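Heads up, coords.csv below (CSV, C-alpha atoms and all ligand atoms):
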```
chain,number,residue,atom,x,y,z
A,739,MET,CA,11.0,-2.7,20.7
A,740,ARG,CA,12.4,-2.0,17.2
A,741,VAL,CA,13.3,-4.8,15.0
A,742,ALA,CA,15.3,-4.7,11.7
A,743,HIS,CA,14.1,-7.5,9.4
A,744,ILE,CA,16.2,-8.8,6.5
A,745,SER,CA,15.5,-11.9,4.5
A,746,ASP,CA,16.5,-14.0,1.5
A,747,VAL,CA,19.9,-12.5,0.8
A,748,HIS,CA,21.1,-15.5,-1.1
A,749,LEU,CA,24.9,-15.0,-0.6
A,750,GLY,CA,26.8,-17.0,-3.1
A,751,TYR,CA,24.3,-16.7,-5.9
A,752,ARG,CA,26.0,-16.6,-9.3
A,753,ALA,CA,24.7,-16.0,-12.7
A,754,TYR,CA,25.5,-14.9,-16.3
A,755,GLY,CA,29.2,-15.9,-16.2
A,756,ARG,CA,30.4,-12.3,-16.0
A,757,THR,CA,33.2,-11.4,-13.6
A,758,ASN,CA,34.2,-8.1,-12.0
A,759,GLU,CA,37.7,-6.6,-11.8
A,760,PHE,CA,38.6,-9.0,-8.9
A,761,GLY,CA,37.6,-12.1,-10.8
A,762,MET,CA,34.4,-12.6,-8.7
A,763,ASN,CA,31.2,-13.4,-10.5
A,764,GLN,CA,29.4,-10.1,-10.9
A,765,ARG,CA,26.1,-11.2,-9.5
A,766,GLU,CA,27.8,-12.8,-6.4
A,767,ALA,CA,29.5,-9.4,-5.9
A,768,ASP,CA,26.2,-7.6,-6.3
A,769,VAL,CA,24.5,-9.8,-3.7
A,770,LEU,CA,27.3,-9.1,-1.2
A,771,LYS,CA,27.3,-5.4,-1.9
A,772,VAL,CA,23.5,-5.1,-1.2
A,773,PHE,CA,23.9,-7.3,1.9
A,774,ARG,CA,26.5,-4.9,3.3
A,775,ALA,CA,24.3,-1.9,2.4
A,776,ALA,CA,21.4,-3.5,4.3
A,777,LEU,CA,23.5,-4.2,7.4
A,778,ARG,CA,24.8,-0.6,7.3
A,779,ALA,CA,21.3,0.9,7.0
A,780,ALA,CA,20.1,-1.4,9.8
A,781,LEU,CA,23.0,-0.4,12.0
A,782,GLN,CA,22.2,3.3,11.5
A,783,ALA,CA,18.5,2.7,12.6
A,784,GLU,CA,19.8,1.4,15.9
A,785,PRO,CA,17.3,-1.5,16.3
A,786,ASP,CA,17.1,-3.5,19.5
A,787,LEU,CA,17.1,-6.7,17.5
A,788,ILE,CA,18.1,-7.8,14.0
A,789,VAL,CA,16.4,-10.9,12.4
A,790,ILE,CA,17.3,-12.6,9.2
A,791,THR,CA,14.5,-15.0,8.2
A,792,GLY,CA,16.2,-17.6,6.0
A,793,ASP,CA,18.2,-18.1,2.8
A,794,LEU,CA,21.0,-15.9,4.0
A,795,PHE,CA,23.1,-18.3,1.8
A,796,HIS,CA,22.1,-19.5,-1.6
A,797,ALA,CA,23.4,-23.0,-1.2
A,798,VAL,CA,24.2,-25.6,1.5
A,799,ARG,CA,27.9,-25.1,0.6
A,800,PRO,CA,28.3,-21.5,-0.5
A,801,PRO,CA,31.5,-20.4,-2.3
A,802,ASN,CA,34.4,-19.4,0.1
A,803,SER,CA,34.4,-15.9,-1.3
A,804,SER,CA,30.8,-15.2,-0.1
A,805,LEU,CA,31.3,-17.1,3.2
A,806,ILE,CA,34.4,-15.2,4.2
A,807,ALA,CA,32.8,-11.8,3.2
A,808,ALA,CA,29.6,-12.6,5.2
A,809,TYR,CA,31.6,-13.6,8.3
A,810,LYS,CA,33.6,-10.3,8.0
A,811,PHE,CA,30.5,-8.1,7.5
A,812,LEU,CA,28.6,-9.7,10.4
A,813,THR,CA,31.6,-9.5,12.7
A,814,GLU,CA,32.1,-5.8,11.9
A,815,LEU,CA,28.4,-5.2,12.5
A,816,GLN,CA,28.2,-7.0,15.8
A,817,THR,CA,31.4,-5.2,17.0
A,818,GLN,CA,29.7,-1.9,16.3
A,819,ARG,CA,26.5,-3.1,18.0
A,820,ARG,CA,28.4,-4.4,21.0
A,821,GLY,CA,27.0,-7.9,20.5
A,822,ALA,CA,23.3,-6.8,20.6
A,823,PRO,CA,21.0,-9.7,19.5
A,824,LEU,CA,21.0,-10.9,15.9
A,825,VAL,CA,18.9,-14.0,15.2
A,826,ILE,CA,19.2,-16.0,11.9
A,827,ILE,CA,16.9,-18.9,10.9
A,828,ALA,CA,17.7,-21.3,8.1
A,829,GLY,CA,15.8,-21.3,4.8
A,830,ASN,CA,15.4,-24.1,2.3
A,831,HIS,CA,18.5,-23.0,0.3
A,832,GLU,CA,21.0,-23.5,3.1
A,833,THR,CA,19.3,-26.5,4.7
A,834,PRO,CA,21.0,-29.8,3.8
A,835,ARG,CA,18.6,-32.7,3.0
A,836,ILE,CA,20.2,-34.8,5.7
A,837,ALA,CA,20.1,-33.3,9.2
A,838,GLU,CA,23.5,-35.0,10.1
A,839,SER,CA,25.3,-32.8,7.5
A,840,GLY,CA,25.0,-29.8,9.8
A,841,CYS,CA,24.4,-26.3,8.6
A,842,ILE,CA,26.8,-23.6,7.5
A,843,LEU,CA,24.9,-21.1,9.7
A,844,ALA,CA,26.4,-22.8,12.8
A,845,LEU,CA,29.7,-21.1,11.9
A,846,LEU,CA,28.1,-17.7,12.5
A,847,THR,CA,27.3,-18.5,16.2
A,848,HIS,CA,30.9,-17.6,16.9
A,849,ILE,CA,30.2,-14.0,16.3
A,850,PRO,CA,29.1,-12.1,19.5
A,851,GLY,CA,25.4,-11.8,19.9
A,852,VAL,CA,24.5,-14.0,16.9
A,853,GLN,CA,22.1,-16.9,17.5
A,854,VAL,CA,21.0,-19.3,14.7
A,855,VAL,CA,18.2,-21.9,14.4
A,856,TYR,CA,18.4,-24.4,11.6
A,857,ASP,CA,16.8,-27.6,12.7
A,858,GLN,CA,13.6,-27.9,14.8
A,859,ILE,CA,11.1,-25.3,15.9
A,860,THR,CA,12.9,-23.5,18.8
A,861,GLN,CA,11.8,-20.9,21.4
A,862,LEU,CA,14.6,-18.4,21.8
A,863,GLU,CA,14.4,-16.4,25.0
A,864,LEU,CA,16.0,-12.9,25.0
A,865,PRO,CA,15.6,-11.7,28.6
A,866,MET,CA,17.5,-8.5,28.1
A,867,LEU,CA,14.8,-7.4,25.6
A,868,ASP,CA,12.0,-9.0,27.6
A,869,ALA,CA,11.3,-11.0,24.4
A,870,CYS,CA,10.7,-14.5,23.3
A,871,LEU,CA,11.2,-15.6,19.6
A,872,LEU,CA,9.5,-18.7,18.3
A,873,CYS,CA,11.8,-19.7,15.4
A,874,ILE,CA,10.5,-21.9,12.6
A,875,PRO,CA,13.4,-22.6,10.1
A,876,SER,CA,12.7,-24.4,6.8
A,877,ARG,CA,13.1,-27.8,8.4
A,878,GLY,CA,10.7,-27.0,11.2
A,879,VAL,CA,7.8,-26.3,8.7
A,880,SER,CA,7.0,-30.1,8.5
A,881,GLU,CA,6.5,-30.1,12.3
A,882,LEU,CA,3.9,-27.4,12.2
A,883,GLU,CA,0.8,-29.6,11.9
A,884,GLN,CA,1.6,-31.4,15.2
A,885,ARG,CA,2.4,-28.3,17.1
A,886,ILE,CA,0.4,-25.8,19.0
A,887,LEU,CA,2.0,-22.4,18.6
A,888,GLU,CA,1.6,-20.2,21.7
A,889,PRO,CA,3.3,-17.0,22.9
A,890,HIS,CA,5.4,-17.3,26.0
A,891,PRO,CA,3.4,-15.8,28.9
A,892,ASN,CA,6.4,-14.6,30.8
A,893,TYR,CA,7.6,-12.2,28.2
A,894,ARG,CA,6.4,-8.8,27.1
A,895,TRP,CA,7.2,-9.3,23.5
A,896,ASN,CA,6.4,-12.4,21.5
A,897,LEU,CA,7.8,-12.7,18.0
A,898,MET,CA,7.5,-15.5,15.4
A,899,LEU,CA,10.2,-16.1,12.8
A,900,LEU,CA,9.2,-18.3,9.9
A,901,HIS,CA,10.8,-19.4,6.6
A,902,GLY,CA,8.0,-20.7,4.4
A,903,LEU,CA,5.1,-19.8,2.0
A,904,LEU,CA,1.8,-19.0,3.5
A,905,GLU,CA,-1.3,-20.0,1.6
A,906,GLY,CA,-2.5,-17.4,-0.8
A,907,ILE,CA,0.9,-15.8,-1.4
A,908,THR,CA,1.3,-17.6,-4.8
A,909,PRO,CA,-0.6,-20.3,-6.6
A,910,PHE,CA,2.6,-21.7,-8.0
A,911,ALA,CA,4.1,-23.1,-4.8
A,912,LEU,CA,5.9,-26.4,-5.2
A,913,GLU,CA,5.0,-27.5,-1.7
A,914,ARG,CA,1.8,-27.4,0.2
A,915,PRO,CA,1.5,-23.9,1.6
A,916,ILE,CA,1.3,-23.2,5.3
A,917,ASP,CA,-2.1,-22.7,6.9
A,918,ARG,CA,-2.5,-18.9,7.3
A,919,ARG,CA,-4.8,-19.2,10.3
A,920,LYS,CA,-2.2,-21.1,12.3
A,921,ILE,CA,0.4,-18.4,11.8
A,922,VAL,CA,-1.3,-15.0,11.3
A,923,ARG,CA,-2.7,-14.3,14.8
A,924,GLU,CA,-3.2,-11.2,16.9
A,925,GLU,CA,-1.3,-12.6,19.9
A,926,TRP,CA,2.1,-12.3,18.1
A,927,ASP,CA,3.7,-8.8,18.4
A,928,PHE,CA,5.5,-9.5,15.2
A,929,ILE,CA,5.5,-12.3,12.6
A,930,ALA,CA,8.7,-12.0,10.6
A,931,LEU,CA,8.4,-14.0,7.4
A,932,GLY,CA,10.9,-15.2,4.8
A,933,ASP,CA,11.0,-17.3,1.6
A,934,TRP,CA,8.8,-15.1,-0.7
A,935,HIS,CA,11.0,-12.7,-2.6
A,936,MET,CA,8.6,-9.8,-3.0
A,937,TYR,CA,7.8,-7.3,-0.2
A,938,THR,CA,4.4,-8.3,1.0
A,939,GLN,CA,2.3,-7.2,4.0
A,940,VAL,CA,0.2,-10.2,5.0
A,941,ALA,CA,-1.2,-8.4,8.1
A,942,PRO,CA,0.0,-5.3,10.0
A,943,ASN,CA,2.0,-7.6,12.3
A,944,ALA,CA,3.0,-10.2,9.6
A,945,LEU,CA,5.4,-9.2,6.8
A,946,TYR,CA,7.7,-10.5,4.1
A,947,PRO,CA,10.4,-7.9,3.4
A,948,GLY,CA,11.3,-9.9,0.2
A,949,ALA,CA,14.7,-10.6,-1.0
A,950,THR,CA,17.6,-8.1,-1.1
A,951,GLU,CA,18.5,-8.7,-4.7
A,952,PHE,CA,17.0,-10.4,-7.8
A,953,THR,CA,18.0,-14.0,-7.1
A,954,SER,CA,14.9,-16.2,-7.8
A,955,THR,CA,14.5,-18.5,-10.7
A,956,ASN,CA,12.1,-16.2,-12.4
A,957,ILE,CA,13.4,-12.7,-11.8
A,958,TRP,CA,11.2,-11.3,-14.6
A,959,ASP,CA,8.1,-11.6,-12.5
A,960,GLU,CA,9.8,-9.4,-9.9
A,961,ALA,CA,11.0,-6.7,-12.3
A,962,GLY,CA,9.8,-3.3,-11.2
A,963,ASN,CA,9.2,-4.4,-7.6
A,964,PRO,CA,11.6,-2.7,-5.1
A,965,LYS,CA,14.0,-4.7,-3.0
A,966,GLY,CA,14.6,-3.8,0.7
A,967,TRP,CA,14.4,-4.5,4.4
A,968,LEU,CA,12.0,-3.6,7.2
A,969,LEU,CA,12.1,-1.7,10.4
A,970,TYR,CA,9.3,-2.8,12.6
A,971,ASP,CA,8.0,-1.3,15.9
A,972,THR,CA,6.4,-3.8,18.2
A,973,THR,CA,4.7,-1.0,20.3
A,974,THR,CA,2.8,0.5,17.4
A,975,ARG,CA,2.8,-2.5,15.2
A,976,THR,CA,3.8,-0.4,12.3
A,977,HIS,CA,6.7,-0.7,9.9
A,978,GLU,CA,8.9,1.2,7.4
A,979,PHE,CA,10.1,-0.5,4.2
A,980,HIS,CA,13.6,0.7,3.3
A,981,THR,CA,14.5,0.2,-0.3
A,982,LEU,CA,18.0,-1.1,-1.3
A,983,ARG,CA,19.8,-0.2,-4.6
A,984,THR,CA,20.1,-3.3,-6.6
A,985,ARG,CA,21.3,-3.9,-10.2
A,986,PRO,CA,18.4,-2.8,-12.5
A,987,VAL,CA,16.2,-5.6,-14.0
A,988,TYR,CA,14.0,-4.8,-16.9
A,989,ASP,CA,11.4,-7.0,-18.6
A,990,LEU,CA,10.8,-4.9,-21.7
A,991,THR,CA,7.4,-4.7,-23.3
A,992,PRO,CA,7.0,-7.7,-25.7
A,993,ILE,CA,7.1,-7.1,-29.4
A,994,ASP,CA,4.6,-8.8,-31.7
A,995,ALA,CA,6.5,-9.5,-35.0
A,996,THR,CA,3.5,-10.7,-37.0
A,997,GLU,CA,3.3,-7.8,-39.4
A,998,LEU,CA,6.9,-6.5,-39.1
A,999,THR,CA,9.6,-6.4,-41.7
A,1000,ALA,CA,13.1,-7.2,-40.5
A,1001,ASP,CA,14.1,-3.5,-40.4
A,1002,GLU,CA,11.0,-2.6,-38.4
A,1003,LEU,CA,11.8,-5.4,-35.9
A,1004,ASN,CA,15.4,-4.4,-35.5
A,1005,GLY,CA,14.3,-0.8,-35.1
A,1006,LEU,CA,11.8,-1.8,-32.3
A,1007,ILE,CA,14.4,-4.0,-30.5
A,1008,GLU,CA,16.8,-1.0,-30.5
A,1009,SER,CA,14.1,1.6,-29.4
A,1010,ARG,CA,12.8,-0.7,-26.6
A,1011,ALA,CA,16.4,-1.0,-25.2
A,1012,ASN,CA,16.9,2.8,-25.5
A,1013,SER,CA,13.6,3.4,-23.6
A,1014,VAL,CA,14.9,2.3,-20.2
A,1015,GLU,CA,16.6,4.6,-17.7
A,1016,SER,CA,19.8,2.8,-17.2
A,1017,PHE,CA,20.4,0.0,-19.8
A,1018,GLU,CA,24.2,0.1,-19.1
A,1019,GLY,CA,25.0,-2.8,-16.7
A,1020,ALA,CA,21.3,-3.9,-16.4
A,1021,ILE,CA,19.7,-7.3,-16.6
A,1022,VAL,CA,17.3,-7.2,-19.5
A,1023,ARG,CA,14.8,-9.5,-21.3
A,1024,GLN,CA,13.1,-8.7,-24.6
A,1025,ARG,CA,10.4,-11.1,-25.7
A,1026,VAL,CA,9.4,-11.1,-29.4
A,1027,TYR,CA,6.3,-13.2,-30.3
A,1028,ASN,CA,5.3,-14.7,-33.6
A,1029,VAL,CA,8.8,-14.8,-35.2
A,1030,LEU,CA,9.0,-16.9,-38.3
A,1031,PRO,CA,12.4,-18.5,-39.3
A,1032,GLU,CA,13.0,-16.1,-42.2
A,1033,LEU,CA,12.6,-13.1,-39.9
A,1034,ARG,CA,14.7,-14.7,-37.2
A,1035,SER,CA,17.7,-15.0,-39.6
A,1036,ARG,CA,17.5,-11.3,-40.4
A,1037,ILE,CA,17.9,-10.0,-36.9
A,1038,ASP,CA,20.8,-7.5,-36.8
A,1039,GLY,CA,23.7,-9.4,-35.2
A,1040,GLU,CA,25.7,-6.2,-34.8
A,1041,LEU,CA,23.0,-4.5,-32.8
A,1042,LEU,CA,22.7,-7.6,-30.6
A,1043,ARG,CA,26.4,-7.7,-29.9
A,1044,GLU,CA,26.2,-4.1,-28.9
A,1045,LEU,CA,23.3,-4.6,-26.6
A,1046,LYS,CA,24.9,-7.7,-25.0
A,1047,ALA,CA,28.1,-5.7,-24.4
A,1048,GLN,CA,26.3,-2.8,-22.8
A,1049,ALA,CA,24.0,-4.8,-20.5
A,1050,LEU,CA,25.2,-7.2,-17.8
A,1051,HIS,CA,22.8,-9.6,-19.4
A,1052,TYR,CA,20.6,-9.1,-22.4
A,1053,GLN,CA,18.3,-11.9,-23.3
A,1054,LEU,CA,16.4,-11.8,-26.7
A,1055,ASP,CA,13.6,-14.3,-26.3
A,1056,LEU,CA,12.3,-15.1,-29.8
A,1057,ARG,CA,9.1,-17.2,-29.9
A,1058,ALA,CA,7.7,-18.9,-33.0
A,1059,PRO,CA,4.0,-18.6,-33.7
A,1060,ARG,CA,2.0,-20.8,-31.6
A,1061,VAL,CA,0.1,-23.6,-33.3
A,1062,GLY,CA,-2.9,-25.1,-31.7
A,1063,PHE,CA,-6.5,-26.2,-32.1
A,1064,ARG,CA,-9.1,-23.6,-31.8
A,1065,GLY,CA,-12.8,-24.4,-32.4
A,1066,GLY,CA,-11.8,-27.7,-33.9
A,1067,GLN,CA,-9.5,-26.1,-36.5
A,1068,LEU,CA,-5.7,-25.8,-36.7
A,1069,SER,CA,-4.8,-22.2,-36.0
A,1070,VAL,CA,-1.6,-20.2,-35.8
A,1071,GLY,CA,-1.3,-17.5,-33.1
A,1072,GLU,CA,-1.5,-14.2,-34.8
A,1073,SER,CA,-1.5,-11.6,-32.2
A,1074,GLU,CA,0.4,-10.7,-29.0
A,1075,SER,CA,-2.5,-11.7,-26.9
A,1076,ASP,CA,-2.7,-15.2,-28.5
A,1077,ALA,CA,0.9,-15.7,-27.6
A,1078,ARG,CA,0.4,-15.0,-24.0
A,1079,LEU,CA,-0.5,-17.8,-21.6
A,1080,THR,CA,-4.2,-18.6,-21.8
A,1081,LEU,CA,-6.2,-19.4,-18.6
A,1082,ALA,CA,-6.1,-23.1,-19.6
A,1083,ASP,CA,-2.3,-23.0,-19.9
A,1084,GLU,CA,-2.0,-21.4,-16.5
A,1085,TRP,CA,-4.3,-24.0,-15.1
A,1086,GLN,CA,-2.1,-26.8,-16.4
A,1087,LEU,CA,1.0,-25.2,-14.9
A,1088,PHE,CA,-0.7,-24.9,-11.6
A,1089,ALA,CA,-2.4,-28.3,-11.6
A,1090,ARG,CA,0.8,-30.2,-12.5
A,1091,SER,CA,2.5,-29.3,-9.2
A,1092,TYR,CA,-0.5,-28.8,-6.9
A,1093,PRO,CA,-0.6,-31.4,-4.1
A,1094,LEU,CA,-3.6,-33.6,-4.8
A,1095,PRO,CA,-5.2,-36.4,-2.6
A,1096,ALA,CA,-3.9,-39.8,-3.7
A,1097,ASP,CA,-7.3,-40.9,-5.0
A,1098,ILE,CA,-7.6,-38.2,-7.6
A,1099,ASP,CA,-6.3,-39.0,-11.1
A,1100,ARG,CA,-4.1,-36.0,-11.9
A,1101,GLU,CA,-4.4,-36.3,-15.7
A,1102,ALA,CA,-8.2,-36.5,-15.7
A,1103,PHE,CA,-8.3,-33.6,-13.3
A,1104,ILE,CA,-6.2,-31.5,-15.6
A,1105,VAL,CA,-8.2,-32.4,-18.7
A,1106,LEU,CA,-11.4,-31.6,-16.9
A,1107,GLY,CA,-10.1,-28.2,-15.9
A,1108,VAL,CA,-8.9,-27.4,-19.4
A,1109,GLN,CA,-12.3,-28.4,-20.9
A,1110,TYR,CA,-14.1,-26.3,-18.4
A,1111,LEU,CA,-12.0,-23.3,-19.1
A,1112,GLU,CA,-12.2,-23.6,-22.8
A,1113,GLY,CA,-16.0,-23.9,-22.5
A,1114,GLU,CA,-16.2,-27.4,-23.9
A,1115,ALA,CA,-17.7,-28.9,-20.8
A,1116,SER,CA,-20.8,-27.0,-19.7
A,1117,GLU,CA,-21.2,-29.2,-16.7
A,1118,PRO,CA,-18.1,-30.9,-15.3
A,1119,LYS,CA,-18.6,-34.6,-14.9
A,1120,VAL,CA,-17.0,-36.0,-11.8
B,1201,MN,MN,14.8,-17.4,-0.9
```

Is it possible to give me this structure as structure tokens?
Ligand SMILES: [Mn+2]
Amino acid sequence: MRVAHISDVHLGYRAYGRTNEFGMNQREADVLKVFRAALRAALQAEPDLIVITGDLFHAVRPPNSSLIAAYKFLTELQTQRRGAPLVIIAGNHETPRIAESGCILALLTHIPGVQVVYDQITQLELPMLDACLLCIPSRGVSELEQRILEPHPNYRWNLMLLHGLLEGITPFALERPIDRRKIVREEWDFIALGDWHMYTQVAPNALYPGATEFTSTNIWDEAGNPKGWLLYDTTTRTHEFHTLRTRPVYDLTPIDATELTADELNGLIESRANSVESFEGAIVRQRVYNVLPELRSRIDGELLRELKAQALHYQLDLRAPRVGFRGGQLSVGESESDARLTLADEWQLFARSYPLPADIDREAFIVLGVQYLEGEASEPKV
């Protein structure tokens, strides 16, 4: 059986306040365009099944413009596929906090062949494919600990669809990650994952295709990683990743302004912008470290206006020198590497949101970690 796997489309995402010729937010239009491209590519591949593993919509109440377009695209697709199965599970973005509010995905069940799961863990039987799909939408993740997950013995193919972060995917998860051993098991012919926005193979039979466009809160971490969808073969347990054309996103190499004159800094800002393949219409960030106020006031306003007009979004991120204590003395960050996050900084970011047992004092825990990383505590005292 061949499965097309799409995830984290985030229809209705809007950003940067720029509109296209029809008055639609440009990013909302981009997200719709790439969704249509993904559906067209999937249609051409003639899969037996299409799955969308959550965050099809960016919000519980998406804008009408995206809702109507999504309904139209999916209806066209399903007409062409003669109602072949398409299964959608809900992600955290489209799941209301209160179950009684219902879910926008329910609207899509009126399209031939479309089935959606947005509440509890549900076993969907697809006898025409001799397949059974264990669907775990965002709201179902909290049920996981009490559940035994088993393939259905009467079906040839057993698939799992899950929207959630497995442990080890990122240290910066806001919620407790999902136990990998519970999910990633040989007995599943395919484990289709959603929620993580970068294409990631967890195991040959367990994959995140990633998002279809750059819609996360920190798109800069994703810059340079391709967006796309997957075509998976349950017989061989192999997949193909198909890239999608998105709007380009560039996180330009940071500039260290410590020893630069204003002219040199302006020259570097311009040459970094010119160094990218397609600056026109792109989403761009330029970080500049160690910028003192007198230098800040001499940045070329004309150049900036030009860059902002050419790009869809150009963000000049100016950072003052970092002041801190080092070796008991007040010091000012002087190099680019000083201005980057230190291990201790990263530790603090991580430890602030990491789920801790109730009997552990978070502040003491953080301080202990910082002291350890900065070499001030040779033996951590517990
Ligand atoms: Mn998402």

Excluding Thr973 in chain A and residues on its chain fewer than 3 positions from it, collect all residues at most 9 Å away from it, counting all atoms listed in the file, and give them as number ranges by chain. A: 739-740, 927, 976

Near-ligand residues for ligand MN 1201 (chain B), threshold 10 Å, all atoms listed in the file, as a list in words: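 The residues within 10 Å of ligand MN 1201 (chain B), counting all atoms listed in the file, are Ser745, Asp746, Val747, His748, Thr791, Gly792, Asp793, Leu794, Phe795, His796, Gly829, Asn830, His831, Glu832, His901, Gly902, Gly932, Asp933, Trp934, His935, Gly948, Ala949, Thr950, Thr953, Ser954 and Thr955 of chain A.
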
Interatomic distance, CA of Ala1096 in chain A to CA of Gln884 in chain A (Å, one decimal):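 It comes out at 21.4 Å.
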
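Straight-line separation from CA of Arg894 in chain A to CA of Leu867 in chain A: 8.6 Å.
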
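In this comparison, which uses all atoms listed in the file, the residue of A:Pro992, A:Glu1040, A:Met762, A:Val987 approaching Glu1015 in chain A most closely is A:Val987.
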
Test item: residues at most 9 Å from range 799-802 of chain A, all atoms listed in the file, excluding those fewer than 5 positions along its chain, as an NGL selection string: :A and (749-751 or 807 or 832 or 834 or 841-842)

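A straight line drawn from CA of Ser880 in chain A to CA of Ile790 in chain A is 20.3 Å long.
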
Using only C-alpha atoms, find each residue of range 959-996 of chain A with at least one atom at most 12 Å away from an atom of range 905-926 of chain A; report its shortest atom-to-atom pair and that distance in Å (one decimal), sort the rows by chain and rising residue number, and return the result as a tab-separated table.
```
residue	atom	partner	partner_atom	distance
A:Asp959	CA	A:Thr908	CA	11.9
A:Thr972	CA	A:Trp926	CA	9.5
A:Thr973	CA	A:Trp926	CA	11.8
A:Arg975	CA	A:Trp926	CA	10.2
```

Using all atoms listed in the file for the distances, tell me which of A:Leu872, A:Leu982, A:Val1108, A:Ala1049 is nearest to Ala780 in chain A.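 The shortest atom-to-atom distance to Ala780 in chain A comes from A:Leu982.
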
A:Leu1045, A:Leu903, A:Val741, A:Ala808 ranked by distance to Glu1018 in chain A, top pick (using all atoms listed in the file): A:Leu1045

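Counting all atoms listed in the file, the residue from A:Gly1019, A:Leu770, A:Thr813, A:Arg819 that sits nearest to Gln782 in chain A is A:Arg819.
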
Measuring atom to atom with all atoms listed in the file, identify which of A:Ile859, A:Leu846, A:Ala930, A:Leu1111 is nearest to His743 in chain A. A:Ala930
